[in-house]
Amino acid sequence: MNGLMTPQLIRISEIYDDGEAARHFTFEPVSGTRHSARPGQFFTLAIPGHGEAAFTYLSLPDAQGRFKALIRRVGALTSALFECGHGDLIGFRGPFGNSWPLEQLLGKRVLIIAGGIGLPPLAAVTDRLSTDGNTPVGLIYGCRSPAEQVLKHERSAWHASMPILETFDRPSNKGQLTGTPLDHTQQMSAKLGGSPEAILSCGPEVMMNAAARHFIKNNLPPEKIWLALERRMHCGVGECGHCYLGSSTVCTDGPIYSWQQLIRLQSQTTA
Amino acid sequence: MRAFLLESLEQLRDHLAAQRPLFTPQFAADSSEPSWLPLSHNTPSVAIEQPLLPAYPAKQFFFPEREILFRFDGTDFKETLPKPAPQILFGVRSCDLCAIAYQDQFFQQDPYYQARRKATLLVGIDCQLPCEGGFCPTVDAGPFVRDGMADLVCHQQGDHWLLITQTSEGEALLEGLDLKAAAEEGITQRRSQEPQVAAQFPSATHIERGIQRINQSQVPAELWQTMGLQCLSCSGCTSLCPTCSCFTSYDRPVDDGFERERCWDSCLYDAFQREASGHNPSAAAGQRVERFWFHKFSDEYIKTFGRYGCTGCGRCEKTCPGVIGVHSVMKRISATP
């Protein structure tokens with residue numbers, strides 16, 4: 001039995017391209033050991049000789065233990081992963097981190113704001129809320145351009161059960177929305193039947209911070225705004241130190257923080 | 001807890017060394033600073049009574065600078081837990097013992113650290129004199145060994161030593177030594193003596209004031225930036241700091257596959273937090289210097305560890321080529337209007 005630093009084998013069972021330099025991966029257990037995870041948690045993938053990196057669950061492990069990830073090729077590890085094919089075995093550790101506060105979201109008007117590659121960490125919670133039946137939930141998805149969008153299949157499934165607005169810095173045709181997600185919040189509120197009572201966001205920090213401040217100004221309490229942060233998460237167990245945020249380690253206390261928690265952590269140091 | 005009388009430290013040291021490999025601060029032939037070395041028969045008798053703070057703390061015994069975490073043999077990942085032989089660290093000072101306790105808690109879940117730690121017995125020595133740059137009394141880390149921090153504690157009283165057992169493992173090691181029980185008086189005397197030794201330490205008001213300012217966020221960002229300019233990212237401070245624990249890991253090719261090695265990292269390196277996307281939350285040297293000192297002196301960590309992340313050993317001041325060790329930094333912080 002391997003301990004907390006040693007990966008276990010998993011098999012890549014499905015791969016397809018999904019957006020700019022991005023691929024959709026499905027993984028399945030090799031030994032038959034399944035694990036469970038909660039929306040917003042993450043795991044690590046290890047490729048022998050290339051190291052290890054953290055990724056979010058696009059979908060949680062199903063009854064057979066299969067789960068998915070959407071991965072963009074940005075560095076050495078992801079480049080090696082993109083060389084892998086169907087059936088290849090790689091290393092896995094997880095699940096790590098906290099999760100979206102589902103129990104505080106059910107039955108509330110929830111607005112999800114995603115930017116670019118920030119959509120995958122929101123996918124599992126979107127699945128859950130959009131099929132709840134009692135939770136009005138909407139998604140505003142902002143990207144630089146249509147080519148940057150990911151999760152084509154997932155978005156088309158969500159379209160059937162919830163309002164989605166997709167906006168671009170540089171749209172490719174006239175019918176598309178332009179601007180940032182915050183330019184379209186009123187339109188989304190109209191679709192949800194009122195102002196959002198909870199915000200979930202993941203994307204560039206500049207975008208998430210602007211979204212949080214926008215809704216604070218509109219009288220949403222800071223404990224009703226949750227952001228998923230990206231940090232360099234090496235070990236996943238709060239030891240290696242790389243993902244610090246003030247006195248917190250994002251891999252164990254995060255990656256999801258309420259705006260109330262973030263304000264406190266950010267006030268601890270001047271930077 | 002029991003207390004005995006000891007004629008000399010060597011009497012205990014040599015008795016223990018006969019049972020297990022024993023490491024103790026000694027001067028290597030070419031060095032003016034003591035370091036942790038195995039006691040061997042040709043080691044000349046050393047003046048272990050004097051405060052001998054080794055250049056390096058004891059953390060490398062439990063959290064080595066490099067270690068293998070697992071191997072990939074071409075088919076599967078195999079954990080490589082260390083199987084350390086039992087050993088004794090003899091003559092650990094209170095500041096370093098407090099740091100070991102800090103790391104024991106920090107690495108609670110880490111099987112590599114715990115395997116080494118559990119194989120090690122600690123013999124502490126009370127410091128009777130301040131050491132150069134040390135300020136353990138200010139951060140409640142000395143000069144005498146705190147309760148429960150070592151297996152055995154030695155305390156000099158005139159021409160003999162008081163030997164205090166703090167664990168049953170420590171007491172078991174004494175078997176075969178013909179020791180007289182110490183009178184209660186000796187223990188009382190030890191307790192009352194600590195404030196007198198603490199009073200001999202130079203004033204540390206700059207440390208106290210600096211801690212206050214860090215916790216009240218009263219250090220101007222410009223001062224951190226200025227001190228950031230002086231940081232050469234050499235990692236001297238983080239390597240010598242007895243509580244620093246950051247590490248990185250990487251894969252190395254071996255004959256039949258790969259092994260994952262971890263090694264000490266430093267939050268003062270510019271790429272410490274840099275992500276694959278290029279985003280770096282601590283890209284400025286001033287931010288990283290601030291981070292280091294926040295981690296050592298923020299009250300936030302007292303909630304978790306019951307003490308600051310600094311145990312007052314002063315090694316960072318001695319080693320920093322940029323003159324931003326603990327005394328230099330805290331003097332500047334405390335002098336800010």
# chains A, B, ... in the order shown; residues from 1 in each chain; ligands from 1

$ interface_residues --of "chain A" --to "chain B" --cutoff "8 Å" --atoms "only C-alpha atoms" --output "ChimeraX atom specification"
/A:2-9,48-51,74-75,91,231-232,234,239-243,246-247,267-271

$ write_last_selection --atoms "C-alpha atoms" --output "PDB file, in the first residue's frame"
ATOM      1  CA  ASN A   2       1.471   3.304  -1.085  1.00  0.00           C
ATOM      2  CA  GLY A   3       1.349   6.366   1.162  1.00  0.00           C
ATOM      3  CA  LEU A   4       0.533   9.983   0.609  1.00  0.00           C
ATOM      4  CA  MET A   5       3.377  10.919  -1.763  1.00  0.00           C
ATOM      5  CA  THR A   6       3.312   7.868  -4.022  1.00  0.00           C
ATOM      6  CA  PRO A   7       0.968   7.738  -7.046  1.00  0.00           C
ATOM      7  CA  GLN A   8      -1.168   4.779  -8.039  1.00  0.00           C
ATOM      8  CA  LEU A   9      -1.645   3.704 -11.642  1.00  0.00           C
ATOM      9  CA  PRO A  48       7.362   9.009 -14.944  1.00  0.00           C
ATOM     10  CA  GLY A  49      10.357  11.075 -15.931  1.00  0.00           C
ATOM     11  CA  HIS A  50       8.338  14.275 -16.260  1.00  0.00           C
ATOM     12  CA  GLY A  51       7.082  14.916 -12.757  1.00  0.00           C
ATOM     13  CA  VAL A  74       1.135  24.795 -21.112  1.00  0.00           C
ATOM     14  CA  GLY A  75       4.259  23.250 -19.613  1.00  0.00           C
ATOM     15  CA  GLY A  91       0.231   8.018 -11.988  1.00  0.00           C
ATOM     16  CA  ARG A 231      -1.623  28.144  -7.124  1.00  0.00           C
ATOM     17  CA  ARG A 232       1.346  25.899  -7.742  1.00  0.00           C
ATOM     18  CA  HIS A 234       3.033  20.274  -5.768  1.00  0.00           C
ATOM     19  CA  GLU A 239       3.733  20.253   3.120  1.00  0.00           C
ATOM     20  CA  CYS A 240       5.835  21.513   0.218  1.00  0.00           C
ATOM     21  CA  GLY A 241       4.934  25.174   0.761  1.00  0.00           C
ATOM     22  CA  HIS A 242       4.530  26.326  -2.849  1.00  0.00           C
ATOM     23  CA  CYS A 243       0.823  27.180  -2.763  1.00  0.00           C
ATOM     24  CA  GLY A 246      -0.994  34.242   3.616  1.00  0.00           C
ATOM     25  CA  SER A 247      -1.252  31.746   6.477  1.00  0.00           C
ATOM     26  CA  SER A 267      -4.789  41.620   4.637  1.00  0.00           C
ATOM     27  CA  GLN A 268      -2.129  39.569   6.421  1.00  0.00           C
ATOM     28  CA  THR A 269       0.684  40.841   4.194  1.00  0.00           C
ATOM     29  CA  THR A 270       1.203  44.017   2.183  1.00  0.00           C
ATOM     30  CA  ALA A 271       1.628  42.291  -1.174  1.00  0.00           C
TER      31      ALA A 271
END

$ residues_around --residues "B:Pro86" --least-positions-apart "4" --cutoff "9 Å" --atoms "only C-alpha atoms" --output "PyMOL selection string"
chain B and resi 20-21+116+118-121

$ residues_around --residues "B:Thr188" --least-positions-apart "4" --cutoff "12 Å" --atoms "only C-alpha atoms" --output "MDAnalysis selection string"
chainID B and resid 3 157 162 182:184 192:194

$ select_by_dssp --residues "stretch 112-241 of chain A" --states "alpha helix (DSSP H)" --output "PyMOL selection string"
chain A and resi 120-130+152-159+185-192+205-217

$ write_last_selection --atoms "N, CA, C and O atoms" --output "compact mmCIF listing (two decimals), in the first residue's frame"
# COMPACT_ATOMS: atom_id res chain seq x y z
N PRO A 120 -13.53 24.39 -16.36
CA PRO A 120 -13.52 23.00 -15.86
C PRO A 120 -13.70 22.85 -14.34
O PRO A 120 -14.47 21.98 -13.91
N PRO A 121 -13.05 23.68 -13.49
CA PRO A 121 -13.25 23.50 -12.05
C PRO A 121 -14.70 23.75 -11.61
O PRO A 121 -15.08 23.38 -10.51
N LEU A 122 -15.48 24.41 -12.49
CA LEU A 122 -16.88 24.70 -12.16
C LEU A 122 -17.83 23.68 -12.76
O LEU A 122 -19.04 23.73 -12.53
N ALA A 123 -17.30 22.75 -13.56
CA ALA A 123 -18.17 21.86 -14.33
C ALA A 123 -18.94 20.88 -13.44
O ALA A 123 -20.15 20.71 -13.60
N ALA A 124 -18.27 20.26 -12.48
CA ALA A 124 -18.94 19.25 -11.65
C ALA A 124 -20.04 19.89 -10.80
O ALA A 124 -21.12 19.32 -10.63
N VAL A 125 -19.79 21.10 -10.30
CA VAL A 125 -20.81 21.76 -9.48
C VAL A 125 -21.95 22.26 -10.37
O VAL A 125 -23.12 22.24 -9.97
N THR A 126 -21.63 22.65 -11.61
CA THR A 126 -22.67 23.06 -12.55
C THR A 126 -23.58 21.87 -12.88
O THR A 126 -24.80 22.00 -12.91
N ASP A 127 -22.97 20.71 -13.12
CA ASP A 127 -23.74 19.48 -13.35
C ASP A 127 -24.73 19.25 -12.21
O ASP A 127 -25.91 19.01 -12.42
N ARG A 128 -24.21 19.36 -11.02
CA ARG A 128 -25.02 19.06 -9.83
C ARG A 128 -26.15 20.06 -9.67
O ARG A 128 -27.31 19.66 -9.46
N LEU A 129 -25.86 21.36 -9.78
CA LEU A 129 -26.87 22.39 -9.55
C LEU A 129 -27.90 22.43 -10.68
O LEU A 129 -29.09 22.62 -10.44
N SER A 130 -27.45 22.20 -11.91
CA SER A 130 -28.37 22.32 -13.05
C SER A 130 -29.36 21.15 -13.10
O SER A 130 -30.39 21.25 -13.75
N LYS A 152 -17.13 22.01 -25.03
CA LYS A 152 -18.22 22.17 -25.99
C LYS A 152 -19.41 21.25 -25.67
O LYS A 152 -20.55 21.70 -25.58
N HIS A 153 -19.12 19.97 -25.43
CA HIS A 153 -20.21 19.02 -25.17
C HIS A 153 -20.92 19.32 -23.87
O HIS A 153 -22.14 19.26 -23.79
N GLU A 154 -20.14 19.63 -22.84
CA GLU A 154 -20.73 19.91 -21.53
C GLU A 154 -21.64 21.14 -21.63
O GLU A 154 -22.75 21.15 -21.10
N ARG A 155 -21.15 22.17 -22.33
CA ARG A 155 -21.95 23.39 -22.44
C ARG A 155 -23.26 23.13 -23.18
O ARG A 155 -24.30 23.66 -22.82
N SER A 156 -23.18 22.30 -24.22
CA SER A 156 -24.44 22.08 -24.95
C SER A 156 -25.43 21.28 -24.11
O SER A 156 -26.63 21.50 -24.19
N ALA A 157 -24.92 20.41 -23.24
CA ALA A 157 -25.83 19.69 -22.32
C ALA A 157 -26.44 20.67 -21.31
O ALA A 157 -27.64 20.61 -21.02
N TRP A 158 -25.63 21.57 -20.75
CA TRP A 158 -26.14 22.54 -19.76
C TRP A 158 -27.18 23.47 -20.38
O TRP A 158 -28.14 23.86 -19.73
N HIS A 159 -26.97 23.83 -21.67
CA HIS A 159 -27.88 24.75 -22.35
C HIS A 159 -29.33 24.28 -22.24
O HIS A 159 -30.26 25.09 -22.17
N THR A 185 -24.33 40.79 -16.34
CA THR A 185 -24.95 40.22 -15.13
C THR A 185 -26.43 40.57 -15.03
O THR A 185 -27.22 39.76 -14.52
N GLN A 186 -26.82 41.76 -15.51
CA GLN A 186 -28.24 42.14 -15.40
C GLN A 186 -29.10 41.26 -16.27
O GLN A 186 -30.19 40.83 -15.87
N GLN A 187 -28.58 40.99 -17.47
CA GLN A 187 -29.30 40.11 -18.39
C GLN A 187 -29.49 38.73 -17.76
O GLN A 187 -30.56 38.12 -17.85
N MET A 188 -28.43 38.26 -17.06
CA MET A 188 -28.51 36.94 -16.41
C MET A 188 -29.49 36.98 -15.24
O MET A 188 -30.27 36.05 -15.04
N SER A 189 -29.47 38.07 -14.47
CA SER A 189 -30.40 38.18 -13.33
C SER A 189 -31.83 38.08 -13.81
O SER A 189 -32.68 37.46 -13.16
N ALA A 190 -32.12 38.71 -14.95
CA ALA A 190 -33.48 38.65 -15.51
C ALA A 190 -33.86 37.20 -15.80
O ALA A 190 -34.97 36.76 -15.53
N LYS A 191 -32.91 36.44 -16.33
CA LYS A 191 -33.18 35.03 -16.65
C LYS A 191 -33.37 34.20 -15.38
O LYS A 191 -34.09 33.20 -15.37
N LEU A 192 -32.66 34.59 -14.31
CA LEU A 192 -32.73 33.81 -13.06
C LEU A 192 -33.90 34.22 -12.19
O LEU A 192 -34.16 33.61 -11.15
N GLU A 205 -7.34 35.80 -11.89
CA GLU A 205 -7.63 36.44 -10.60
C GLU A 205 -8.18 37.85 -10.76
O GLU A 205 -9.03 38.29 -9.98
N VAL A 206 -7.71 38.56 -11.80
CA VAL A 206 -8.21 39.92 -12.05
C VAL A 206 -9.73 39.87 -12.29
O VAL A 206 -10.48 40.68 -11.75
N MET A 207 -10.16 38.89 -13.08
CA MET A 207 -11.58 38.75 -13.38
C MET A 207 -12.38 38.37 -12.12
O MET A 207 -13.42 38.96 -11.83
N MET A 208 -11.85 37.40 -11.35
CA MET A 208 -12.57 36.95 -10.15
C MET A 208 -12.68 38.08 -9.12
O MET A 208 -13.74 38.28 -8.53
N ASN A 209 -11.57 38.81 -8.94
CA ASN A 209 -11.60 39.91 -7.98
C ASN A 209 -12.59 40.99 -8.39
O ASN A 209 -13.33 41.53 -7.56
N ALA A 210 -12.62 41.30 -9.70
CA ALA A 210 -13.56 42.31 -10.20
C ALA A 210 -15.00 41.83 -9.97
O ALA A 210 -15.86 42.61 -9.56
N ALA A 211 -15.24 40.55 -10.20
CA ALA A 211 -16.59 40.01 -10.01
C ALA A 211 -17.00 40.10 -8.54
O ALA A 211 -18.11 40.54 -8.22
N ALA A 212 -16.08 39.72 -7.66
CA ALA A 212 -16.38 39.78 -6.22
C ALA A 212 -16.71 41.21 -5.81
O ALA A 212 -17.72 41.46 -5.13
N ARG A 213 -15.89 42.16 -6.24
CA ARG A 213 -16.12 43.57 -5.84
C ARG A 213 -17.44 44.09 -6.41
O ARG A 213 -18.16 44.85 -5.74
N HIS A 214 -17.76 43.68 -7.63
CA HIS A 214 -19.01 44.10 -8.27
C HIS A 214 -20.22 43.66 -7.42
O HIS A 214 -21.12 44.46 -7.16
N PHE A 215 -20.21 42.42 -6.97
CA PHE A 215 -21.38 41.94 -6.23
C PHE A 215 -21.39 42.43 -4.79
O PHE A 215 -22.46 42.57 -4.20
N ILE A 216 -20.21 42.70 -4.23
CA ILE A 216 -20.15 43.32 -2.90
C ILE A 216 -20.83 44.69 -2.97
O ILE A 216 -21.63 45.06 -2.12
N LYS A 217 -20.51 45.43 -4.05
CA LYS A 217 -21.10 46.75 -4.26
C LYS A 217 -22.62 46.63 -4.39
O LYS A 217 -23.35 47.54 -4.04

$ residues_around --residues "B:Ala58" --least-positions-apart "4" --cutoff "8 Å" --atoms "only C-alpha atoms" --output "PyMOL selection string"
chain B and resi 36+62+92+96+100+242

$ write_last_selection --atoms "N, CA and C atoms" --output "PDB file, in the first residue's frame"
ATOM      1  N   TRP B  36      27.122  18.603  13.352  1.00  0.00           N
ATOM      2  CA  TRP B  36      26.645  17.307  13.844  1.00  0.00           C
ATOM      3  C   TRP B  36      27.485  16.196  13.221  1.00  0.00           C
ATOM      4  N   PHE B  62      15.999  14.254  10.097  1.00  0.00           N
ATOM      5  CA  PHE B  62      14.625  13.766   9.890  1.00  0.00           C
ATOM      6  C   PHE B  62      14.079  14.157   8.527  1.00  0.00           C
ATOM      7  N   VAL B  92      21.488  18.414  22.092  1.00  0.00           N
ATOM      8  CA  VAL B  92      20.646  19.326  21.313  1.00  0.00           C
ATOM      9  C   VAL B  92      20.218  20.472  22.223  1.00  0.00           C
ATOM     10  N   ASP B  96      16.818  24.342  19.127  1.00  0.00           N
ATOM     11  CA  ASP B  96      16.682  23.294  18.107  1.00  0.00           C
ATOM     12  C   ASP B  96      15.669  22.228  18.514  1.00  0.00           C
ATOM     13  N   ILE B 100      12.424  21.053  16.457  1.00  0.00           N
ATOM     14  CA  ILE B 100      12.091  19.649  16.157  1.00  0.00           C
ATOM     15  C   ILE B 100      10.621  19.390  16.518  1.00  0.00           C
ATOM     16  N   PRO B 242      15.896  26.154  11.465  1.00  0.00           N
ATOM     17  CA  PRO B 242      15.516  24.824  11.955  1.00  0.00           C
ATOM     18  C   PRO B 242      14.047  24.480  11.730  1.00  0.00           C
TER      19      PRO B 242
END

$ closest_residue --among "A:Arg170, A:Pro222, A:Ile112, A:Leu262" --to "A:Ile199" --atoms "only C-alpha atoms"
A:Ile112

$ select_by_dssp --residues "stretch 50-249 of chain A" --states "strand (DSSP E)" --output "MDAnalysis selection string"
chainID A and resid 51:56 67:72 89:96 110:115 137:143 164:168 177:178 198:202 225:228 244:245 248:249

$ residues_around --residues "A:Leu77" --least-positions-apart "6" --cutoff "9 Å" --atoms "only C-alpha atoms" --output "JSON, numbers by chain"
{"A": [45, 46, 47, 50, 51, 52, 53]}

$ residues_around --residues "B:Val145" --least-positions-apart "5" --cutoff "12 Å" --atoms "only C-alpha atoms" --output "ChimeraX atom specification"
/B:91-99,101,122-128,136-137,140,150-155,163-166,190-191,194

$ decode --residues "stretch 191-202 of chain B" --atoms "all heavy atoms" --output "PDB file, in the first residue's frame"
ATOM      1  N   ARG B 191      14.769  25.187  38.091  1.00  0.00           N
ATOM      2  CA  ARG B 191      13.639  26.031  37.699  1.00  0.00           C
ATOM      3  C   ARG B 191      13.900  27.495  38.011  1.00  0.00           C
ATOM      4  O   ARG B 191      13.626  28.366  37.199  1.00  0.00           O
ATOM      5  CB  ARG B 191      12.361  25.583  38.407  1.00  0.00           C
ATOM      6  CG  ARG B 191      11.610  24.588  37.562  1.00  0.00           C
ATOM      7  CD  ARG B 191      10.192  24.330  38.036  1.00  0.00           C
ATOM      8  NE  ARG B 191       9.860  22.957  37.671  1.00  0.00           N
ATOM      9  CZ  ARG B 191       9.733  21.973  38.540  1.00  0.00           C
ATOM     10  NH1 ARG B 191       9.842  22.210  39.825  1.00  0.00           N
ATOM     11  NH2 ARG B 191       9.476  20.758  38.134  1.00  0.00           N
ATOM     12  N   SER B 192      14.437  27.740  39.169  1.00  0.00           N
ATOM     13  CA  SER B 192      14.616  29.135  39.576  1.00  0.00           C
ATOM     14  C   SER B 192      15.801  29.788  38.871  1.00  0.00           C
ATOM     15  O   SER B 192      15.916  31.000  38.817  1.00  0.00           O
ATOM     16  CB  SER B 192      14.778  29.230  41.095  1.00  0.00           C
ATOM     17  OG  SER B 192      15.949  28.536  41.468  1.00  0.00           O
ATOM     18  N   GLN B 193      16.658  28.931  38.320  1.00  0.00           N
ATOM     19  CA  GLN B 193      17.859  29.491  37.680  1.00  0.00           C
ATOM     20  C   GLN B 193      17.604  30.021  36.271  1.00  0.00           C
ATOM     21  O   GLN B 193      18.309  30.899  35.796  1.00  0.00           O
ATOM     22  CB  GLN B 193      18.950  28.420  37.634  1.00  0.00           C
ATOM     23  CG  GLN B 193      20.346  29.011  37.533  1.00  0.00           C
ATOM     24  CD  GLN B 193      21.329  28.035  36.917  1.00  0.00           C
ATOM     25  OE1 GLN B 193      21.064  26.833  36.845  1.00  0.00           O
ATOM     26  NE2 GLN B 193      22.457  28.554  36.449  1.00  0.00           N
ATOM     27  N   GLU B 194      16.571  29.501  35.605  1.00  0.00           N
ATOM     28  CA  GLU B 194      16.381  29.869  34.200  1.00  0.00           C
ATOM     29  C   GLU B 194      16.213  31.378  33.975  1.00  0.00           C
ATOM     30  O   GLU B 194      16.853  31.942  33.086  1.00  0.00           O
ATOM     31  CB  GLU B 194      15.217  29.106  33.557  1.00  0.00           C
ATOM     32  CG  GLU B 194      15.161  29.435  32.062  1.00  0.00           C
ATOM     33  CD  GLU B 194      14.172  28.608  31.256  1.00  0.00           C
ATOM     34  OE1 GLU B 194      13.244  28.057  31.842  1.00  0.00           O
ATOM     35  OE2 GLU B 194      14.350  28.551  30.027  1.00  0.00           O
ATOM     36  N   PRO B 195      15.395  32.067  34.787  1.00  0.00           N
ATOM     37  CA  PRO B 195      15.258  33.508  34.570  1.00  0.00           C
ATOM     38  C   PRO B 195      16.596  34.241  34.683  1.00  0.00           C
ATOM     39  O   PRO B 195      16.834  35.230  33.984  1.00  0.00           O
ATOM     40  CB  PRO B 195      14.296  33.958  35.673  1.00  0.00           C
ATOM     41  CG  PRO B 195      13.596  32.724  36.110  1.00  0.00           C
ATOM     42  CD  PRO B 195      14.542  31.583  35.869  1.00  0.00           C
ATOM     43  N   GLN B 196      17.485  33.727  35.561  1.00  0.00           N
ATOM     44  CA  GLN B 196      18.793  34.384  35.711  1.00  0.00           C
ATOM     45  C   GLN B 196      19.634  34.238  34.445  1.00  0.00           C
ATOM     46  O   GLN B 196      20.314  35.173  34.024  1.00  0.00           O
ATOM     47  CB  GLN B 196      19.555  33.784  36.891  1.00  0.00           C
ATOM     48  CG  GLN B 196      18.886  34.063  38.247  1.00  0.00           C
ATOM     49  CD  GLN B 196      19.457  33.160  39.339  1.00  0.00           C
ATOM     50  OE1 GLN B 196      20.614  32.742  39.275  1.00  0.00           O
ATOM     51  NE2 GLN B 196      18.638  32.868  40.335  1.00  0.00           N
ATOM     52  N   VAL B 197      19.586  33.064  33.830  1.00  0.00           N
ATOM     53  CA  VAL B 197      20.333  32.864  32.583  1.00  0.00           C
ATOM     54  C   VAL B 197      19.692  33.706  31.474  1.00  0.00           C
ATOM     55  O   VAL B 197      20.376  34.371  30.698  1.00  0.00           O
ATOM     56  CB  VAL B 197      20.380  31.376  32.180  1.00  0.00           C
ATOM     57  CG1 VAL B 197      21.080  31.203  30.841  1.00  0.00           C
ATOM     58  CG2 VAL B 197      21.075  30.552  33.247  1.00  0.00           C
ATOM     59  N   ALA B 198      18.348  33.691  31.422  1.00  0.00           N
ATOM     60  CA  ALA B 198      17.647  34.459  30.387  1.00  0.00           C
ATOM     61  C   ALA B 198      18.006  35.939  30.480  1.00  0.00           C
ATOM     62  O   ALA B 198      18.130  36.628  29.453  1.00  0.00           O
ATOM     63  CB  ALA B 198      16.139  34.257  30.528  1.00  0.00           C
ATOM     64  N   ALA B 199      18.207  36.417  31.730  1.00  0.00           N
ATOM     65  CA  ALA B 199      18.496  37.840  31.928  1.00  0.00           C
ATOM     66  C   ALA B 199      19.856  38.241  31.365  1.00  0.00           C
ATOM     67  O   ALA B 199      20.125  39.424  31.146  1.00  0.00           O
ATOM     68  CB  ALA B 199      18.411  38.184  33.408  1.00  0.00           C
ATOM     69  N   GLN B 200      20.728  37.243  31.132  1.00  0.00           N
ATOM     70  CA  GLN B 200      22.055  37.572  30.595  1.00  0.00           C
ATOM     71  C   GLN B 200      22.031  37.822  29.087  1.00  0.00           C
ATOM     72  O   GLN B 200      23.012  38.267  28.501  1.00  0.00           O
ATOM     73  CB  GLN B 200      23.021  36.425  30.866  1.00  0.00           C
ATOM     74  CG  GLN B 200      23.328  36.222  32.350  1.00  0.00           C
ATOM     75  CD  GLN B 200      24.177  34.979  32.541  1.00  0.00           C
ATOM     76  OE1 GLN B 200      25.135  34.743  31.814  1.00  0.00           O
ATOM     77  NE2 GLN B 200      23.811  34.182  33.522  1.00  0.00           N
ATOM     78  N   PHE B 201      20.917  37.492  28.425  1.00  0.00           N
ATOM     79  CA  PHE B 201      20.836  37.703  26.981  1.00  0.00           C
ATOM     80  C   PHE B 201      20.734  39.200  26.690  1.00  0.00           C
ATOM     81  O   PHE B 201      20.114  39.933  27.446  1.00  0.00           O
ATOM     82  CB  PHE B 201      19.606  36.972  26.397  1.00  0.00           C
ATOM     83  CG  PHE B 201      19.825  35.502  26.188  1.00  0.00           C
ATOM     84  CD1 PHE B 201      19.920  34.635  27.269  1.00  0.00           C
ATOM     85  CD2 PHE B 201      19.949  34.977  24.906  1.00  0.00           C
ATOM     86  CE1 PHE B 201      20.127  33.271  27.086  1.00  0.00           C
ATOM     87  CE2 PHE B 201      20.150  33.619  24.710  1.00  0.00           C
ATOM     88  CZ  PHE B 201      20.245  32.761  25.798  1.00  0.00           C
ATOM     89  N   PRO B 202      21.353  39.643  25.604  1.00  0.00           N
ATOM     90  CA  PRO B 202      21.252  41.061  25.250  1.00  0.00           C
ATOM     91  C   PRO B 202      19.799  41.448  24.978  1.00  0.00           C
ATOM     92  O   PRO B 202      18.971  40.596  24.677  1.00  0.00           O
ATOM     93  CB  PRO B 202      22.080  41.188  23.967  1.00  0.00           C
ATOM     94  CG  PRO B 202      22.703  39.875  23.705  1.00  0.00           C
ATOM     95  CD  PRO B 202      22.120  38.867  24.631  1.00  0.00           C
TER      96      PRO B 202
END
